[in-house]
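S.K.: Attaching a single structure in structure tokens format; questions to follow.
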Amino acid sequence: MITTQMVNDKFKWVKVENPNEKDRAKLLNDYDIRRDIIDYALDIHERPRLEIDEDNNYHLFIYDAPVRPAFMGDISVEPIGLLISDHMLFTFTRKRTNYVVPLINSILNNPNISNPSFILDLILEAIFQVTTKYFDYINNANRERTSIQQHLTHKANRDSINQLLGLQTQTVYFLTALNSNSEMLSAVQRTFRSQLTEFQNNRLEDILIEAQQGLSMAQVSSSVTREVTDAYSNLLDSNLNSTMKFLTIFSLVLSIPNIVFAFYGMNVKLPFENSPVGWIISIGISIILCIIIWILYHKRFS
């Protein structure tokens, strides 16, 4: 879907949301955007980057935005595309990144923020707010990890370990995205350094600082989650080993009475076979042998 909005007399905003083939054709024909630029902007696997087409005066910003995963361990970041073309701003979003559209609207409608005189001002403000959203997702992951840890304190199980692995996967996506975003922002800084205003330079520095802070938070969260997951996995493995040892010796002990009773079931002469208390003696022999096996086990494995 493609919708347009006249922001002011200086530029127009073209919103491209979940585009189909007809929308792609419109971008190609009506707005004269190169096909490869459209593909870059809409590729869900595209890494953060800055693409410049000086011939057509295009500047494409690909930036990873945090999204709410559909399930534990799902991809938690998706790229958004921000394209400057003359006096137009194009935003390329999908279902899970559509929140960027109302975010930009809120920037434009905020009475404390004057309408930007340059489209780049708006892009930098939007990127700044997208970057700060990482903090919410990382803090939420930390809260979920704490809740899982409290549950594991009472009972360790595989489901909780799987949830921790899902959180670890989520923070790895954040780490990769924030690192790539920082590289892209550094590229923007190098490319536009001489063209940026003092305000834009300062805003870009702010974004880089926020991205680095988010990267540090994600690194700490990932490390803690990994350590907790490994600790409880080792605990489960240790419990399993103890259970297997117990079952092994228990099955060995239970086999002793069968051996003794099998001897007394043979059609041969055996001690105590004519004794009125022979069955008690055979049970006693079984119990004594079971105790001996149990003692030997504890001396060997305790």
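Residue numbers start at 1 in each chain; chains themselves are named A, B, ... in the order of the structure tokens; ligands are numbered from 1 in the order shown.
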Mind checking DSSP for stretch 38-268 of chain A and telling me the strand (DSSP E or B) residues as number ranges by chain?
M.R.: A: 49-53, 58-66, 77-85, 88-93
S.K.: With C-alpha atoms retained, could you export that selection as a short mmCIF file (atom, residue, chain, number, x, y, z; two decimals), in the first residue's frame?
M.R.:
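File written: part_28.cif
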data_model
loop_
_atom_site.label_atom_id
_atom_site.label_comp_id
_atom_site.auth_asym_id
_atom_site.auth_seq_id
_atom_site.Cartn_x
_atom_site.Cartn_y
_atom_site.Cartn_z
CA ARG A 49 23.59 0.44 5.08
CA LEU A 50 23.72 3.77 3.30
CA GLU A 51 23.08 3.63 -0.45
CA ILE A 52 23.70 6.77 -2.52
CA ASP A 53 22.67 7.33 -6.14
CA TYR A 58 18.76 9.25 -3.98
CA HIS A 59 19.94 8.61 -0.43
CA LEU A 60 18.67 5.33 1.02
CA PHE A 61 19.05 4.56 4.73
CA ILE A 62 18.52 0.94 5.79
CA TYR A 63 18.19 0.67 9.57
CA ASP A 64 17.35 -2.31 11.79
CA ALA A 65 14.36 -1.67 14.05
CA PRO A 66 13.35 -3.84 17.03
CA VAL A 77 14.63 -7.09 14.41
CA GLU A 78 13.58 -6.09 10.90
CA PRO A 79 15.03 -3.44 8.58
CA ILE A 80 13.20 -0.27 7.64
CA GLY A 81 14.00 1.83 4.59
CA LEU A 82 14.17 5.63 4.59
CA LEU A 83 14.72 7.17 1.16
CA ILE A 84 15.38 10.83 0.39
CA SER A 85 14.62 11.88 -3.17
CA MET A 88 10.28 13.67 -0.92
CA LEU A 89 10.69 11.23 1.91
CA PHE A 90 9.88 7.55 1.30
CA THR A 91 9.42 5.18 4.22
CA PHE A 92 9.44 1.42 3.58
CA THR A 93 7.89 -0.67 6.35
#
S.K.: Taking only stretch 104-208 of chain A into account, list the residues labelled helix (DSSP H, G or I) by DSSP (computed from the backbone), as an MDAnalysis selection string.
M.R.: chainID A and resid 104:109 119:154 158:192 198:208
S.K.: For A:Ser286, list every protein, DNA or RNA residue within 10 Å, evaluated using only C-alpha atoms, and leave out those in the same chain fewer than 2 positions away; present the list as a VMD selection string.
M.R.: chain A and resid 253 to 261 280 to 284 288 to 292
S.K.: Mind checking which residues fall within 10 Å of A:Lys22, counting only C-alpha atoms, ignoring those fewer than 6 positions away in the same chain, and posting them as a ChimeraX atom specification?
M.R.: /A:1-2,28
S.K.: Need the shell around A:Asn142: protein/DNA/RNA residues with any atom at most 12 Å away, counting only C-alpha atoms. Skip same-chain ones fewer than 3 positions apart. Format as a list of chain:residue names?
M.R.: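 Counting only the stated atoms, we get A:Phe135, A:Asp136, A:Tyr137, A:Ile138, A:Asn139, A:Arg145, A:Thr146, A:Ser147, A:Ile148, A:Gln149, A:Leu164, A:Leu167, A:Gln168, A:Gln170, A:Thr171, A:Met217, A:Ala218, A:Gln219, A:Val220, A:Ser221, A:Ser222, A:Ser223, A:Val224, A:Thr225, A:Val228.
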S.K.: Between atom CA of A:Glu227 and atom CA of A:Glu144, what distance in Å does the model show, to one decimal?
M.R.: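 Atom-to-atom, atom CA of A:Glu227 to atom CA of A:Glu144, that is 15.2 Å.
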S.K.: So which residues touch A:Asn105 within 10 Å, counting only C-alpha atoms, skipping near sequence neighbours fewer than 4 positions away, as a ChimeraX atom specification?
M.R.: /A:7,100-101,109-110,126
S.K.: State, in Å with one decimal place, the distance from atom CA of A:Ile38 to atom CA of A:Val16.
M.R.: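 Taking atom CA of A:Ile38 and atom CA of A:Val16, their separation equals 10.5 Å.
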S.K.: Just the number, please: distance in Å from atom CA of A:Leu204 to atom CA of A:Ser182, one decimal.
M.R.: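 Distance between the two atoms: 10.6 Å.
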S.K.: Considering only C-alpha atoms, can you say which of A:Gly166, A:Pro48, A:Thr4, A:Pro276 comes closest to A:Ala187?
M.R.: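 Once distances to A:Ala187 are computed over only C-alpha atoms, the minimum belongs to A:Pro48.
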S.K.: Which residues come within 10 Å of A:Ile249, counting only C-alpha atoms, excluding same-chain residues fewer than 5 positions away, as a count of residues only?
M.R.: 7
